[in-house]
Protein chains: 2
Amino acid sequence: MVEPARLSLNTATVRERWTLRQCIEGCARHGIGGISPWRDMLAACGVAEAARLIQDHGLTVTGLCRGGMFPAATASGFQRNLDDNRRAIDEAAAIGARCLVLVVGGLPEGSKSLAGARAQVREGIAAVLDHARRAGIPLAIEPLHPMYAGDRSCVTSLAEANDLCDALGPGVGIALDVYHVWWDAALAREIVRAGRERLLAFHVCDWLVPTRDLLFDRGMMGDGVIDIPLIRRMVEAVGYDGLIEVEIFSRDHWWKEDPDEVLRTLIARARTSI
Amino acid sequence: MVEPARLSLNTATVRERWTLRQCIEGCARHGIGGISPWRDMLAACGVAEAARLIQDHGLTVTGLCRGGMFPAATASGFQRNLDDNRRAIDEAAAIGARCLVLVVGGLPEGSKSLAGARAQVREGIAAVLDHARRAGIPLAIEPLHPMYAGDRSCVTSLAEANDLCDALGPGVGIALDVYHVWWDAALAREIVRAGRERLLAFHVCDWLVPTRDLLFDRGMMGDGVIDIPLIRRMVEAVGYDGLIEVEIFSRDHWWKEDPDEVLRTLIARARTSI
């Protein structure tokens, strides 16, 4: 039973039909308390204009999606990735985001070394961390489902994200998405290990059975098999009291729906299935 | 560099075009040392006839695929699953299999409780373990990729399989498939923990980027991003010296090829990419 004011809309959920301005106005119209924009939509709107709109509508910015993607095949590529992360940090600061979500990246072109990619991720976060601290933007490592280990995130579990936090110190935390971690037998333990301070964001959607696409077949809360209330209780038991962000990539279903209907549905599901 | 005599053909790799008899004859023709049949193909051939053919062709049976699928929504369903596992154990014994591979099962219909499913798996293996011990058939828990947690295997990591082995004692081991575990940051440690005695089978194929289907888009060794030689060195470092089983579900590619060409290809790849 989660009220709309405690929800945040990740703009990817309606990205096929709404601009960022429409997302902001839509959230306000439906009483949704927060928003989490993707950078391409932010760029299309203009950062300053987006910041003004978000403030005018009284929304909390639960995160900016996304920084990360550190591993590169070349040193110059790695530097470019660092530069891009610094820009993302600045954008997050400009819109008053609670954190910058990091999808850390997978294997660089031609590489099969997960250990190498993981080392680059650690080095990359460390390299931009001072910039983030000065900007007042916490970096939220988002462990992604292991099915993305090759191309999107060599950080595949909450345990790994916690290890990175241990290594990197203040200014680094975690964005926890039930879709990516629900299968993990160590989840309860690692949420306790993360604790309130590290849990910078909490994302929900659902795992459909069958899942027809690795990227774009996420389900609306309640339509899949994730025990979302169980995981919510776990994060709240350690003190998480932030907004709950809804992020649904659904090419063949929700992305085709009228976004107002999507928002009505996710508000209804927040009452029954979160 | 793995010679054909050290390979085993999991019959799923050519199942769309060959019967079990053709698989057995094909392995012998190509100098492949072992075979791992699926139960439906075994039933179609007849267990006694298959046992005779396998023996006549001098093949090692690296495993029978598969037992498991323990969790059920009802007590009677659970009992039926146990009975089916006992039959699978008997079939494995009849063909002289080195182990019965267990794909343990996911969430029962209508359930979202992974903890409940995991408890049923533990109870289920315990319930058939005496039967397996008497038959001389080790049970090989196969941790499956977390993307199958909902519908196929609530055991999603080698750590969980090791925990089950710890709990259940002698007669239970592990079938390790690189496809399911390659992403795991704890893999090296958990292979050491498993050790030679628990590692009953070692399966290979490759993870394609992109992967277009959750079930049927596995790659031929060398075509994907898994560092297979690295994982082979890990299992061999703890003493694994059994055959290396090739199991490729590939609806749109390898299943459409001439099986003799598939066998030639996997033999060539065993020399370059395992």
# chains A, B, ... in the order shown; residues from 1 in each chain; ligands from 1
$ interface_residues --of "chain A" --to "chain B" --cutoff "10 Å" --atoms "only C-alpha atoms" --output "ChimeraX atom specification"
/A:107,109-115,118,145-151,153-157,159-160,180-186,207-215,224-228,230
$ select_by_dssp --residues "segment 32-273 of chain A" --states "alpha helix (DSSP H)" --output "number ranges by chain"
A: 39-45, 47-56, 75-94, 114-135, 158-168, 178-181, 187-198, 228-237, 259-273
$ closest_residue --among "B:Ala119, B:Ala88, B:Leu164, B:Val14" --to "Ile248 of chain B" --atoms "only C-alpha atoms"
B:Val14
$ closest_atom_pairs --of "segment 12-94 of chain B" --to "segment 192-206 of chain B" --cutoff "12 Å" --atoms "only C-alpha atoms" --output "CSV"
residue,atom,partner,partner_atom,distance
B:Ala12,CA,B:Cys205,CA,12.0
B:Thr13,CA,B:Cys205,CA,9.9
B:Gly34,CA,B:Ala201,CA,11.6
B:Ile35,CA,B:His203,CA,11.7
B:Ser36,CA,B:Ala201,CA,10.3
B:Val61,CA,B:Ala201,CA,10.6
B:Thr62,CA,B:Ala201,CA,6.8
B:Gly63,CA,B:Ala201,CA,7.5
B:Leu64,CA,B:Ala201,CA,10.7
B:Cys65,CA,B:Ala201,CA,11.5
$ write_last_selection --atoms "N, CA and C atoms" --output "mmCIF file, in the first residue's frame"
data_model
loop_
_atom_site.group_PDB
_atom_site.id
_atom_site.type_symbol
_atom_site.label_atom_id
_atom_site.label_comp_id
_atom_site.auth_asym_id
_atom_site.auth_seq_id
_atom_site.Cartn_x
_atom_site.Cartn_y
_atom_site.Cartn_z
ATOM 1 N N ALA B 12 20.768 -32.393 -26.393
ATOM 2 C CA ALA B 12 19.961 -31.213 -26.723
ATOM 3 C C ALA B 12 20.607 -30.403 -27.845
ATOM 4 N N THR B 13 21.897 -30.542 -28.000
ATOM 5 C CA THR B 13 22.643 -29.749 -28.981
ATOM 6 C C THR B 13 22.211 -30.051 -30.427
ATOM 7 N N GLY B 34 31.946 -38.986 -25.032
ATOM 8 C CA GLY B 34 30.822 -39.154 -24.114
ATOM 9 C C GLY B 34 29.523 -38.614 -24.660
ATOM 10 N N ILE B 35 28.464 -38.943 -23.948
ATOM 11 C CA ILE B 35 27.132 -38.474 -24.329
ATOM 12 C C ILE B 35 26.331 -38.209 -23.066
ATOM 13 N N SER B 36 25.407 -37.274 -23.179
ATOM 14 C CA SER B 36 24.508 -36.977 -22.070
ATOM 15 C C SER B 36 23.106 -36.831 -22.645
ATOM 16 N N VAL B 61 28.759 -42.014 -20.279
ATOM 17 C CA VAL B 61 27.530 -41.227 -20.102
ATOM 18 C C VAL B 61 27.791 -40.200 -18.995
ATOM 19 N N THR B 62 28.015 -38.956 -19.409
ATOM 20 C CA THR B 62 28.434 -37.943 -18.438
ATOM 21 C C THR B 62 27.288 -37.472 -17.554
ATOM 22 N N GLY B 63 26.080 -37.790 -17.947
ATOM 23 C CA GLY B 63 24.944 -37.428 -17.103
ATOM 24 C C GLY B 63 23.658 -37.769 -17.814
ATOM 25 N N LEU B 64 22.592 -37.825 -17.052
ATOM 26 C CA LEU B 64 21.262 -37.909 -17.640
ATOM 27 C C LEU B 64 20.554 -36.608 -17.330
ATOM 28 N N CYS B 65 19.998 -35.986 -18.352
ATOM 29 C CA CYS B 65 19.228 -34.749 -18.215
ATOM 30 C C CYS B 65 17.757 -35.087 -18.340
#
$ residues_around --residues "segment 23-27 of chain A" --least-positions-apart "3" --cutoff "9 Å" --atoms "only C-alpha atoms" --output "MDAnalysis selection string"
chainID A and resid 8:9 11 14:15 18:20 30:35 37 50 53:54 57 59 259:260 263
$ atom_distance --atom1 "atom CA of Gly68 of chain B" --atom2 "atom CA of Pro108 of chain B"
13.0 Å
$ residues_around --residues "Arg251 of chain A" --least-positions-apart "2" --cutoff "10 Å" --atoms "only C-alpha atoms" --output "JSON, numbers by chain"
{"A": [13, 16, 213, 215, 216, 217, 218, 248, 249, 253, 254, 255, 256, 257]}
$ atom_distance --atom1 "atom CA of Asp166 of chain A" --atom2 "atom CA of Leu158 of chain B"
23.9 Å
$ closest_residue --among "B:Val103, B:Val172, B:Ile191, B:Ala140" --to "Ala237 of chain B" --atoms "only C-alpha atoms"
B:Ile191
$ select_by_dssp --residues "segment 46-93 of chain A" --states "strand (DSSP E or B)" --output "VMD selection string"
chain A and resid 60 to 61 64 to 68
$ write_last_selection --atoms "C-alpha atoms" --output "PDB file, in the first residue's frame"
ATOM      1  CA  THR A  60      11.553  15.282  -5.962  1.00  0.00           C
ATOM      2  CA  VAL A  61      14.245  14.096  -8.378  1.00  0.00           C
ATOM      3  CA  LEU A  64      19.357  10.934 -12.881  1.00  0.00           C
ATOM      4  CA  CYS A  65      19.702   7.998 -15.274  1.00  0.00           C
ATOM      5  CA  ARG A  66      22.452   7.464 -15.860  1.00  0.00           C
ATOM      6  CA  GLY A  67      26.181   7.608 -15.500  1.00  0.00           C
ATOM      7  CA  GLY A  68      28.532   4.666 -15.582  1.00  0.00           C
TER       8      GLY A  68
END
$ residues_around --residues "Ile95 of chain B" --least-positions-apart "2" --cutoff "9 Å" --atoms "only C-alpha atoms" --output "PyMOL selection string"
chain B and resi 47-48+50-52+54-55+61+64+90-93+97
$ write_last_selection --atoms "C-alpha atoms" --output "CSV table (one decimal), in the first residue's frame"
chain,number,residue,atom,x,y,z
B,47,VAL,CA,16.2,-47.4,-22.0
B,48,ALA,CA,17.5,-50.9,-22.5
B,50,ALA,CA,20.0,-47.1,-25.4
B,51,ALA,CA,22.1,-48.7,-22.8
B,52,ARG,CA,23.2,-51.4,-25.3
B,54,ILE,CA,26.0,-46.7,-25.7
B,55,GLN,CA,28.0,-49.6,-24.4
B,61,VAL,CA,27.5,-41.2,-20.1
B,64,LEU,CA,21.3,-37.9,-17.6
B,90,ASP,CA,16.6,-45.7,-12.2
B,91,GLU,CA,17.0,-44.6,-15.8
B,92,ALA,CA,20.4,-43.0,-15.0
B,93,ALA,CA,21.5,-46.3,-13.4
B,97,ALA,CA,25.3,-42.4,-16.1
$ closest_residue --among "A:Leu187, A:Asn10, A:Leu42, A:Arg17" --to "Glu247 of chain A" --atoms "only C-alpha atoms"
A:Asn10
$ atom_distance --atom1 "atom CA of Ala270 of chain B" --atom2 "atom CA of Val2 of chain B"
5.1 Å
